[in-house]
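With PDB, C-alpha atoms inside, this is query_35.pdb:
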```
ATOM      1  CA  MET A   1      23.641 -10.946  27.402
ATOM      2  CA  ARG A   2      25.318  -7.936  29.032
ATOM      3  CA  TRP A   3      24.764  -4.486  27.639
ATOM      4  CA  LYS A   4      26.900  -1.588  28.827
ATOM      5  CA  GLY A   5      26.584   2.088  28.118
ATOM      6  CA  ARG A   6      24.416   4.036  25.702
ATOM      7  CA  ARG A   7      25.690   2.201  22.597
ATOM      8  CA  GLY A   8      24.822  -1.109  24.195
ATOM      9  CA  ASP A   9      21.313   0.127  24.950
ATOM     10  CA  VAL A  10      20.796   1.171  21.329
ATOM     11  CA  ARG A  11      22.024  -2.192  20.032
ATOM     12  CA  LYS A  12      19.819  -4.045  22.526
ATOM     13  CA  LYS A  13      16.790  -2.047  21.363
ATOM     14  CA  ARG A  14      17.483  -2.852  17.699
ATOM     15  CA  LEU A  15      17.809  -6.575  18.322
ATOM     16  CA  THR A  16      14.758  -6.587  20.606
ATOM     17  CA  GLU A  17      12.702  -4.959  17.858
ATOM     18  CA  ALA A  18      13.927  -7.599  15.431
ATOM     19  CA  ALA A  19      12.764 -10.325  17.796
ATOM     20  CA  ASP A  20       9.375  -8.637  18.198
ATOM     21  CA  GLY A  21       8.881  -8.308  14.449
ATOM     22  CA  LYS A  22       9.096  -4.525  14.487
ATOM     23  CA  ASN A  23      12.142  -4.486  12.228
ATOM     24  CA  GLU A  24      10.971  -6.702   9.370
ATOM     25  CA  THR A  25      13.279  -8.425   6.896
ATOM     26  CA  GLN A  26      11.211  -7.088   4.006
ATOM     27  CA  GLN A  27      12.148  -3.508   4.789
ATOM     28  CA  LYS A  28      15.171  -1.298   4.596
ATOM     29  CA  PRO A  29      14.756   2.018   6.376
ATOM     30  CA  SER A  30      15.737   5.145   4.537
ATOM     31  CA  GLY A  31      16.183   8.412   6.355
ATOM     32  CA  GLY A  32      16.062  11.990   5.217
ATOM     33  CA  GLY A  33      12.372  12.594   5.794
ATOM     34  CA  GLN A  34      11.642  12.713   2.057
ATOM     35  CA  VAL A  35       9.900  10.579  -0.524
ATOM     36  CA  PRO A  36      12.658   8.908  -2.584
ATOM     37  CA  LEU A  37      12.845  10.076  -6.189
ATOM     38  CA  GLY A  38      12.748   7.903  -9.301
ATOM     39  CA  VAL A  39      11.229   4.839  -7.627
ATOM     40  CA  ARG A  40       7.972   2.886  -7.793
ATOM     41  CA  GLY A  41       6.043   1.603  -4.806
ATOM     42  CA  CYS A  42       2.966   2.459  -2.787
ATOM     43  CA  LEU A  43       1.851   5.325  -0.611
ATOM     44  CA  VAL A  44       0.088   4.208   2.557
ATOM     45  CA  THR A  45      -1.927   6.387   4.931
ATOM     46  CA  CYS A  46      -2.886   5.810   8.556
ATOM     47  CA  PRO A  47      -4.021   7.756  11.640
ATOM     48  CA  GLY A  48      -1.338  10.098  12.909
ATOM     49  CA  GLY A  49       0.990   8.487  15.401
ATOM     50  CA  TRP A  50       0.460   4.954  14.094
ATOM     51  CA  GLU A  51       3.045   5.043  11.304
ATOM     52  CA  GLY A  52       5.202   2.316  12.889
ATOM     53  CA  LYS A  53       2.318  -0.145  13.275
ATOM     54  CA  CYS A  54       1.048   0.697   9.799
ATOM     55  CA  ARG A  55       4.471   0.132   8.286
ATOM     56  CA  SER A  56       4.832  -3.249   9.966
ATOM     57  CA  GLU A  57       1.425  -4.592   8.939
ATOM     58  CA  ILE A  58       1.482  -3.330   5.359
ATOM     59  CA  LEU A  59       4.910  -4.891   4.770
ATOM     60  CA  ASN A  60       3.511  -8.206   5.978
ATOM     61  CA  VAL A  61       0.555  -7.884   3.592
ATOM     62  CA  LEU A  62       2.759  -6.970   0.629
ATOM     63  CA  HIS A  63       5.035  -9.896   1.327
ATOM     64  CA  GLU A  64       2.094 -12.300   1.632
ATOM     65  CA  TYR A  65       0.619 -11.271  -1.710
ATOM     66  CA  ALA A  66       4.029 -11.347  -3.376
ATOM     67  CA  GLU A  67       4.321 -14.993  -2.363
ATOM     68  CA  LYS A  68       0.851 -15.699  -3.753
ATOM     69  CA  ILE A  69       1.857 -14.583  -7.218
ATOM     70  CA  GLY A  70       5.027 -16.643  -7.220
ATOM     71  CA  SER A  71       7.718 -14.360  -5.870
ATOM     72  CA  LYS A  72      10.586 -15.956  -3.993
ATOM     73  CA  GLU A  73      10.281 -16.005  -0.235
ATOM     74  CA  VAL A  74      12.422 -13.598   1.735
ATOM     75  CA  GLN A  75      14.572 -15.323   4.313
ATOM     76  CA  GLU A  76      13.398 -15.085   7.903
ATOM     77  CA  LYS A  77      15.570 -12.951  10.115
ATOM     78  CA  PRO A  78      17.039 -15.076  12.954
ATOM     79  CA  THR A  79      15.964 -14.141  16.458
ATOM     80  CA  PRO A  80      18.966 -13.309  18.645
ATOM     81  CA  ASP A  81      19.652 -15.710  21.489
ATOM     82  CA  ASP A  82      19.917 -13.585  24.616
ATOM     83  CA  SER A  83      20.377 -16.591  26.898
ATOM     84  CA  LYS A  84      24.124 -16.526  26.476
ATOM     85  CA  GLU A  85      26.691 -13.776  26.257
ATOM     86  CA  ARG A  86      28.131 -13.096  22.796
ATOM     87  CA  THR A  87      31.421 -11.553  21.896
ATOM     88  CA  VAL A  88      31.718  -8.334  19.928
ATOM     89  CA  ASP A  89      32.759 -10.313  16.829
ATOM     90  CA  GLU A  90      29.654 -12.502  17.092
ATOM     91  CA  MET A  91      27.385  -9.474  17.385
ATOM     92  CA  LEU A  92      29.032  -7.818  14.366
ATOM     93  CA  LYS A  93      28.603 -11.004  12.312
ATOM     94  CA  ALA A  94      24.948 -11.121  13.288
ATOM     95  CA  GLU A  95      24.436  -7.535  12.147
ATOM     96  CA  VAL A  96      26.155  -8.251   8.835
ATOM     97  CA  GLY A  97      23.767 -11.174   8.354
ATOM     98  CA  GLU A  98      20.810  -8.864   8.992
ATOM     99  CA  LEU A  99      22.049  -6.443   6.345
ATOM    100  CA  LYS A 100      22.359  -9.287   3.827
ATOM    101  CA  ASN A 101      18.744 -10.228   4.490
ATOM    102  CA  LEU A 102      17.746  -6.622   3.906
ATOM    103  CA  ASP A 103      19.506  -6.661   0.540
ATOM    104  CA  GLN A 104      17.230  -9.548  -0.527
ATOM    105  CA  ALA A 105      14.095  -7.639   0.447
ATOM    106  CA  LYS A 106      11.429  -6.865  -2.140
ATOM    107  CA  PHE A 107      10.025  -3.868  -0.298
ATOM    108  CA  TRP A 108      11.764  -1.011   1.482
ATOM    109  CA  TRP A 109      10.052   1.474   3.743
ATOM    110  CA  HIS A 110      11.128   5.097   3.840
ATOM    111  CA  ASP A 111      10.821   7.662   6.599
ATOM    112  CA  ILE A 112       9.189  10.540   4.720
ATOM    113  CA  GLY A 113       8.639  12.738   7.771
ATOM    114  CA  ILE A 114       4.898  13.202   7.221
ATOM    115  CA  GLN A 115       2.436  12.304   9.946
ATOM    116  CA  GLY A 116      -0.091   9.702   8.866
ATOM    117  CA  ALA A 117       1.824   8.591   5.766
ATOM    118  CA  VAL A 118       4.276   5.818   4.902
ATOM    119  CA  PHE A 119       6.053   5.169   1.604
ATOM    120  CA  VAL A 120       7.164   1.687   0.553
ATOM    121  CA  SER A 121       9.346   1.316  -2.532
ATOM    122  CA  PHE A 122       9.325  -1.805  -4.728
ATOM    123  CA  ARG A 123      12.660  -3.313  -5.715
ATOM    124  CA  ASP A 124      13.376  -5.069  -9.002
ATOM    125  CA  ASN A 125      12.501  -8.486  -7.529
ATOM    126  CA  ALA A 126       9.058  -7.255  -6.435
ATOM    127  CA  PRO A 127       5.941  -7.851  -8.590
ATOM    128  CA  PRO A 128       6.334  -6.108 -11.973
ATOM    129  CA  SER A 129       3.003  -4.234 -12.037
ATOM    130  CA  VAL A 130       2.428  -2.034  -8.997
ATOM    131  CA  MET A 131      -1.039  -1.106 -10.280
ATOM    132  CA  ASP A 132      -2.280  -4.688 -10.659
ATOM    133  CA  PHE A 133      -0.558  -5.865  -7.492
ATOM    134  CA  VAL A 134      -2.136  -3.255  -5.214
ATOM    135  CA  GLN A 135      -5.520  -3.596  -6.924
ATOM    136  CA  GLN A 136      -5.508  -7.303  -6.075
ATOM    137  CA  ILE A 137      -5.042  -6.490  -2.374
ATOM    138  CA  VAL A 138      -7.799  -3.878  -2.340
ATOM    139  CA  ALA A 139     -10.264  -5.944  -4.381
ATOM    140  CA  GLU A 140      -9.964  -8.852  -1.954
ATOM    141  CA  VAL A 141     -10.906  -6.585   0.957
ATOM    142  CA  LYS A 142     -14.013  -5.481  -0.910
ATOM    143  CA  ARG A 143     -14.910  -9.064  -1.816
ATOM    144  CA  THR A 144     -14.379 -10.581   1.632
ATOM    145  CA  GLY A 145     -15.188  -7.602   3.847
ATOM    146  CA  GLN A 146     -12.042  -8.318   5.843
ATOM    147  CA  SER A 147      -8.890  -6.229   5.957
ATOM    148  CA  LYS A 148      -5.660  -7.829   7.126
ATOM    149  CA  THR A 149      -4.584  -4.522   8.626
ATOM    150  CA  ARG A 150      -5.790  -2.554  11.637
ATOM    151  CA  HIS A 151      -4.069   0.782  11.193
ATOM    152  CA  THR A 152      -3.723   1.082   7.414
ATOM    153  CA  MET A 153      -6.299   3.289   5.708
ATOM    154  CA  ARG A 154      -5.456   3.895   2.049
ATOM    155  CA  ILE A 155      -2.857   2.179  -0.111
ATOM    156  CA  LEU A 156      -2.138   3.807  -3.464
ATOM    157  CA  PRO A 157       0.051   2.288  -6.190
ATOM    158  CA  ILE A 158       2.820   4.663  -7.280
ATOM    159  CA  GLU A 159       4.360   4.115 -10.697
ATOM    160  CA  ILE A 160       7.099   6.732 -10.388
ATOM    161  CA  THR A 161       8.189   9.578  -8.127
ATOM    162  CA  CYS A 162       9.812  12.835  -9.185
ATOM    163  CA  PHE A 163      10.657  16.329  -7.995
ATOM    164  CA  ALA A 164       7.537  18.422  -7.416
ATOM    165  CA  THR A 165       7.762  21.122 -10.062
ATOM    166  CA  LEU A 166       5.305  21.488 -12.910
ATOM    167  CA  GLU A 167       8.009  20.952 -15.518
ATOM    168  CA  GLU A 168       9.407  17.829 -13.833
ATOM    169  CA  ILE A 169       5.960  16.334 -13.229
ATOM    170  CA  GLU A 170       5.012  16.774 -16.886
ATOM    171  CA  LYS A 171       8.349  15.394 -18.095
ATOM    172  CA  THR A 172       8.085  12.322 -15.845
ATOM    173  CA  PHE A 173       4.467  11.727 -16.821
ATOM    174  CA  CYS A 174       5.338  11.832 -20.528
ATOM    175  CA  SER A 175       8.003   9.159 -20.039
ATOM    176  CA  HIS A 176       5.417   6.734 -18.591
ATOM    177  CA  VAL A 177       2.108   7.641 -20.227
ATOM    178  CA  GLY A 178       2.598   5.311 -23.209
ATOM    179  CA  LYS A 179       2.667   2.300 -20.904
ATOM    180  CA  PHE A 180      -0.931   2.895 -19.853
ATOM    181  CA  PHE A 181      -2.327   4.824 -22.816
ATOM    182  CA  PRO A 182      -0.951   3.252 -26.006
ATOM    183  CA  GLU A 183      -1.577   4.934 -29.340
ATOM    184  CA  GLY A 184      -1.873   3.710 -32.885
ATOM    185  CA  GLU A 185      -4.341   2.007 -35.157
ATOM    186  CA  GLY A 186      -6.679  -0.479 -33.511
ATOM    187  CA  VAL A 187      -5.977   0.741 -29.975
ATOM    188  CA  LYS A 188      -8.945   0.455 -27.605
ATOM    189  CA  PRO A 189      -9.963   3.929 -26.367
ATOM    190  CA  LEU A 190      -9.746   4.363 -22.618
ATOM    191  CA  LYS A 191     -11.570   6.853 -20.421
ATOM    192  CA  TYR A 192      -9.546   8.540 -17.725
ATOM    193  CA  ALA A 193      -9.719  11.014 -14.851
ATOM    194  CA  ILE A 194      -7.025  12.833 -12.880
ATOM    195  CA  ASP A 195      -7.089  13.031  -9.072
ATOM    196  CA  TYR A 196      -4.805  15.593  -7.400
ATOM    197  CA  GLU A 197      -3.914  15.823  -3.696
ATOM    198  CA  HIS A 198      -1.105  17.449  -1.723
ATOM    199  CA  ARG A 199       0.318  16.922   1.775
ATOM    200  CA  ALA A 200       2.833  18.936   3.799
ATOM    201  CA  SER A 201       3.807  20.955   0.722
ATOM    202  CA  LYS A 202       3.407  24.354  -0.791
ATOM    203  CA  LYS A 203       0.174  24.367  -2.699
ATOM    204  CA  MET A 204       0.720  23.990  -6.413
ATOM    205  CA  ASP A 205      -1.772  25.168  -9.001
ATOM    206  CA  ARG A 206      -4.048  22.127  -9.116
ATOM    207  CA  MET A 207      -5.579  22.912 -12.497
ATOM    208  CA  ALA A 208      -2.180  23.685 -14.022
ATOM    209  CA  VAL A 209      -0.959  20.211 -13.033
ATOM    210  CA  ILE A 210      -4.112  18.513 -14.317
ATOM    211  CA  GLU A 211      -3.989  20.365 -17.636
ATOM    212  CA  ALA A 212      -0.275  19.599 -18.081
ATOM    213  CA  LEU A 213      -0.975  15.878 -17.766
ATOM    214  CA  ALA A 214      -4.217  15.795 -19.734
ATOM    215  CA  LYS A 215      -2.697  17.450 -22.791
ATOM    216  CA  ASN A 216      -0.108  14.662 -22.986
ATOM    217  CA  VAL A 217      -2.586  11.765 -22.996
ATOM    218  CA  PRO A 218      -2.710  10.657 -26.652
ATOM    219  CA  ALA A 219      -5.813  10.040 -28.748
ATOM    220  CA  PRO A 220      -8.111   8.132 -28.857
ATOM    221  CA  HIS A 221      -8.233   8.226 -25.042
ATOM    222  CA  THR A 222     -10.674  10.735 -23.528
ATOM    223  CA  VAL A 223     -11.596  12.317 -20.201
ATOM    224  CA  ASP A 224     -14.530  10.859 -18.284
ATOM    225  CA  LEU A 225     -14.778  12.048 -14.694
ATOM    226  CA  GLY A 226     -17.872   9.983 -13.959
ATOM    227  CA  ASN A 227     -16.821   6.537 -15.137
ATOM    228  CA  PRO A 228     -13.096   6.352 -15.947
ATOM    229  CA  ASP A 229     -11.283   3.153 -16.875
ATOM    230  CA  ILE A 230      -8.094   4.487 -15.306
ATOM    231  CA  THR A 231      -7.530   7.253 -12.766
ATOM    232  CA  ILE A 232      -4.219   9.097 -12.786
ATOM    233  CA  THR A 233      -3.355   9.943  -9.180
ATOM    234  CA  VAL A 234      -1.079  12.840  -8.321
ATOM    235  CA  GLN A 235       0.198  13.038  -4.736
ATOM    236  CA  VAL A 236       2.449  16.021  -3.995
ATOM    237  CA  MET A 237       4.314  15.472  -0.720
ATOM    238  CA  LYS A 238       6.863  18.010   0.473
ATOM    239  CA  ASN A 239       9.244  18.408  -2.484
ATOM    240  CA  ALA A 240       8.252  15.174  -4.236
ATOM    241  CA  CYS A 241       5.417  14.089  -6.497
ATOM    242  CA  CYS A 242       4.029  10.539  -6.630
ATOM    243  CA  LEU A 243       2.368   9.575  -9.921
ATOM    244  CA  GLY A 244       0.113   6.555 -10.087
ATOM    245  CA  TRP A 245      -2.304   4.820 -12.446
ATOM    246  CA  VAL A 246      -5.268   3.168 -10.740
ATOM    247  CA  LYS A 247      -8.136   0.961 -11.956
ATOM    248  CA  GLU A 248     -11.612   1.062 -10.370
ATOM    249  CA  TYR A 249     -10.641   4.006  -8.194
ATOM    250  CA  LYS A 250     -14.175   4.994  -7.193
ATOM    251  CA  GLU A 251     -15.567   1.465  -7.189
ATOM    252  CA  LEU A 252     -12.855   0.453  -4.713
ATOM    253  CA  GLY A 253     -13.453   3.400  -2.402
ATOM    254  CA  LYS A 254     -10.347   5.318  -3.450
ATOM    255  CA  TYR A 255      -8.383   2.295  -2.209
ATOM    256  CA  ASN A 256      -9.395   2.844   1.415
ATOM    257  CA  LEU A 257      -9.127  -0.587   3.052
ATOM    258  CA  GLN A 258     -10.930   0.368   6.249
ATOM    259  CA  ARG A 259     -13.850   1.915   4.423
ATOM    260  CA  LEU A 260     -14.222  -1.038   2.050
ATOM    261  CA  ALA A 261     -14.304  -3.465   4.983
ATOM    262  CA  GLU A 262     -16.896  -1.340   6.774
ATOM    263  CA  LEU A 263     -19.129  -1.109   3.693
ATOM    264  CA  ALA A 264     -18.961  -4.858   3.133
ATOM    265  CA  GLN A 265     -19.927  -5.509   6.748
ATOM    266  CA  GLU A 266     -22.798  -3.009   6.547
ATOM    267  CA  LYS A 267     -24.169  -4.732   3.444
ATOM    268  CA  GLU A 268     -23.912  -8.111   5.154
ATOM    269  CA  GLU A 269     -25.823  -6.761   8.167
ATOM    270  CA  GLU A 270     -28.505  -5.325   5.878
ATOM    271  CA  ARG A 271     -28.883  -8.663   4.116
ATOM    272  CA  SER A 272     -29.170 -10.465   7.444
ATOM    273  CA  ALA A 273     -31.727  -7.978   8.751
ATOM    274  CA  GLY A 274     -33.740  -8.256   5.547
ATOM    275  CA  ALA A 275     -33.765 -12.031   5.661
ATOM    276  CA  GLU A 276     -35.248 -12.274   9.190
ATOM    277  CA  PRO A 277     -38.671 -10.651   8.465
ATOM    278  CA  ALA A 278     -38.968 -12.656   5.261
ATOM    279  CA  THR A 279     -38.386 -15.878   7.151
ATOM    280  CA  LYS A 280     -40.961 -14.912   9.770
ATOM    281  CA  GLN A 281     -43.524 -13.963   7.159
ATOM    282  CA  ASP A 282     -42.993 -17.238   5.351
ATOM    283  CA  GLY A 283     -43.690 -19.068   8.587
ATOM    284  CA  GLU A 284     -46.896 -17.121   9.225
ATOM    285  CA  ASN A 285     -48.243 -17.715   5.730
ATOM    286  CA  ALA A 286     -47.296 -21.345   5.577
ATOM    287  CA  GLU A 287     -50.074 -23.849   4.984
ATOM    288  CA  PRO A 288     -50.954 -25.928   8.053
ATOM    289  CA  SER A 289     -49.855 -29.513   7.911
ATOM    290  CA  SER A 290     -52.521 -31.862   6.681
ATOM    291  CA  ARG A 291     -54.176 -33.976   9.282
ATOM    292  CA  GLY A 292     -56.701 -36.739   9.082
ATOM    293  CA  SER A 293     -60.354 -35.655   9.154
ATOM    294  CA  PRO A 294     -62.285 -36.602  12.260
ATOM    295  CA  THR A 295     -64.578 -39.491  11.753
TER     296      THR A 295
END
```

How does the structure come out when it is put into C-alpha cells?
Amino acid sequence: MRWKGRRGDVRKKRLTEAADGKNETQQKPSGGGQVPLGVRGCLVTCPGGWEGKCRSEILNVLHEYAEKIGSKEVQEKPTPDDSKERTVDEMLKAEVGELKNLDQAKFWWHDIGIQGAVFVSFRDNAPPSVMDFVQQIVAEVKRTGQSKTRHTMRILPIEITCFATLEEIEKTFCSHVGKFFPEGEGVKPLKYAIDYEHRASKKMDRMAVIEALAKNVPAPHTVDLGNPDITITVQVMKNACCLGWVKEYKELGKYNLQRLAELAQEKEEERSAGAEPATKQDGENAEPSSRGSPT
C-alpha cells in the first residue's frame, strides 16, 4: 500500500499497531490526561515508561477472565492487508469498522497522564462486580505462582470515581456504602479498614478523608486494622479520587501481582530445598535389605 505525506504516515502507524496487537479491540482510548469521573474499573500500576505494554497485557487478561465467567466474546479486529493498494473509500470503511468493534468493547483504557499508572474503565457489558472480578485474577496468581503479565504490578478494583474534594468524596462514598455495608436486623457485622494513597496531586488531609468515610459506615460494622473483612481503598490522582472495596487486601499482597508470584515461587523453592535433606536422611537411615545368612 502507498502512503504519502504526514497524514499517510500517521494512518500507517495506526494500522500497523492494530496488526501488532498494540491497539486492542477491547480498548477505547480516552485523552485529556485525567481519570474519568463517575465510572467503575480498575487502577493498574507498572514501572514508569512501560504504560503501553502494561495496558496491552492487562486488557488481554481482563478479556480472558471475562470470557471465563460467561461474557460474550469481543470480535477480533481484522488485520489490514497491505499486499494490495486500497482506495480512500476502502480505508475509511475499514476505520469505521474498527470504531464499531470499539463500541462493543467491555473495557476502555484512559490516558491519565501519570507515569506508572493506567486506568481501565468497565462498560455495562463487563462483569457486574469489579471487586469479585479483580479478586479472582489476583487470587489465581497467588494460588498458581504465575502471573500472566510481565509489566503489571498492582491492579486495584475501583467501584466509582469522583472529583477529589473532601465533600465530593464523602458524598460519593455515601451513595455506594450500602452496597457493601448493609444495615438492619440480622445483618452480619463486617470488619473494615481504610487505605489512603495519593499520586500526582496536592496532598489532602489523609485523616480528614479517613474520618469522613468511617463516620458514614453504618452499624454494626466496625473498624479492624489488623484483620479486616473489607478494605476501602482511596486513590487520589490529580483532580480525581478512585474509591474501591477490596477483600483479602493484605492476604493478597495489596493486589500486587508481581509480588504474589515471587512469594509463591520462594515458598516452592523452600519446600523443594526442605525435601532434599529429608530424602537423603531417609536413605541413610533405611534398613539394609535382607539377605540370606551364610551357611

Exercise. Using the chain letters and numbers from the file, which residues does the PyMOL selection byres ((chain A and resi 241-243) around 8) grab, as a PyMOL selection string?
Worked result: chain A and resi 158-164+169+173+232-237+239-240+244-245

Given the selection you just returned, output its residues as a file containing C-alpha atoms, formatted as a PDB file, in the coordinates of the input.
```pdb
ATOM      1  CA  ILE A 158       2.820   4.663  -7.280  1.00  0.00           C
ATOM      2  CA  GLU A 159       4.360   4.115 -10.697  1.00  0.00           C
ATOM      3  CA  ILE A 160       7.099   6.732 -10.388  1.00  0.00           C
ATOM      4  CA  THR A 161       8.189   9.578  -8.127  1.00  0.00           C
ATOM      5  CA  CYS A 162       9.812  12.835  -9.185  1.00  0.00           C
ATOM      6  CA  PHE A 163      10.657  16.329  -7.995  1.00  0.00           C
ATOM      7  CA  ALA A 164       7.537  18.422  -7.416  1.00  0.00           C
ATOM      8  CA  ILE A 169       5.960  16.334 -13.229  1.00  0.00           C
ATOM      9  CA  PHE A 173       4.467  11.727 -16.821  1.00  0.00           C
ATOM     10  CA  ILE A 232      -4.219   9.097 -12.786  1.00  0.00           C
ATOM     11  CA  THR A 233      -3.355   9.943  -9.180  1.00  0.00           C
ATOM     12  CA  VAL A 234      -1.079  12.840  -8.321  1.00  0.00           C
ATOM     13  CA  GLN A 235       0.198  13.038  -4.736  1.00  0.00           C
ATOM     14  CA  VAL A 236       2.449  16.021  -3.995  1.00  0.00           C
ATOM     15  CA  MET A 237       4.314  15.472  -0.720  1.00  0.00           C
ATOM     16  CA  ASN A 239       9.244  18.408  -2.484  1.00  0.00           C
ATOM     17  CA  ALA A 240       8.252  15.174  -4.236  1.00  0.00           C
ATOM     18  CA  GLY A 244       0.113   6.555 -10.087  1.00  0.00           C
ATOM     19  CA  TRP A 245      -2.304   4.820 -12.446  1.00  0.00           C
TER      20      TRP A 245
END
```

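Nearest to A:Val61 of all the residues A:Thr222, A:Ser147, A:Ser201, A:Asn125 is A:Ser147, based on all atoms listed in the file.
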
Problem set entry | Residue IDs satisfying the PyMOL selection byres ((chain A and resi 57) around 12), as a ChimeraX atom specification | /A:21-24,26-27,44,46,50-56,58-64,109,118,120,147-153

For this session: May I ask for the distance between atom CA of A:Pro36 and atom CA of A:Phe119, given in Å to one decimal place?
Result: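 A separation of 8.7 Å between them.
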
For this session: Could you jot down the atom CA of A:Pro182 to atom CA of A:Asn216 separation for me, Å, one decimal place?
Result: 11.8 Å

Problem set entry | Nearest-residue call for A:Thr172, choices A:Val246, A:Ala105, A:Leu213, A:Cys42, using all atoms listed in the file |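 Of the candidates, the smallest distance to A:Thr172 is held by A:Leu213.
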
For this session: I need the residue set behind the PyMOL selection byres ((chain A and resi 146) around 10) for this file; please write it as a PyMOL selection string.
Result: chain A and resi 140-145+147-149+257-258+260-262+264-265
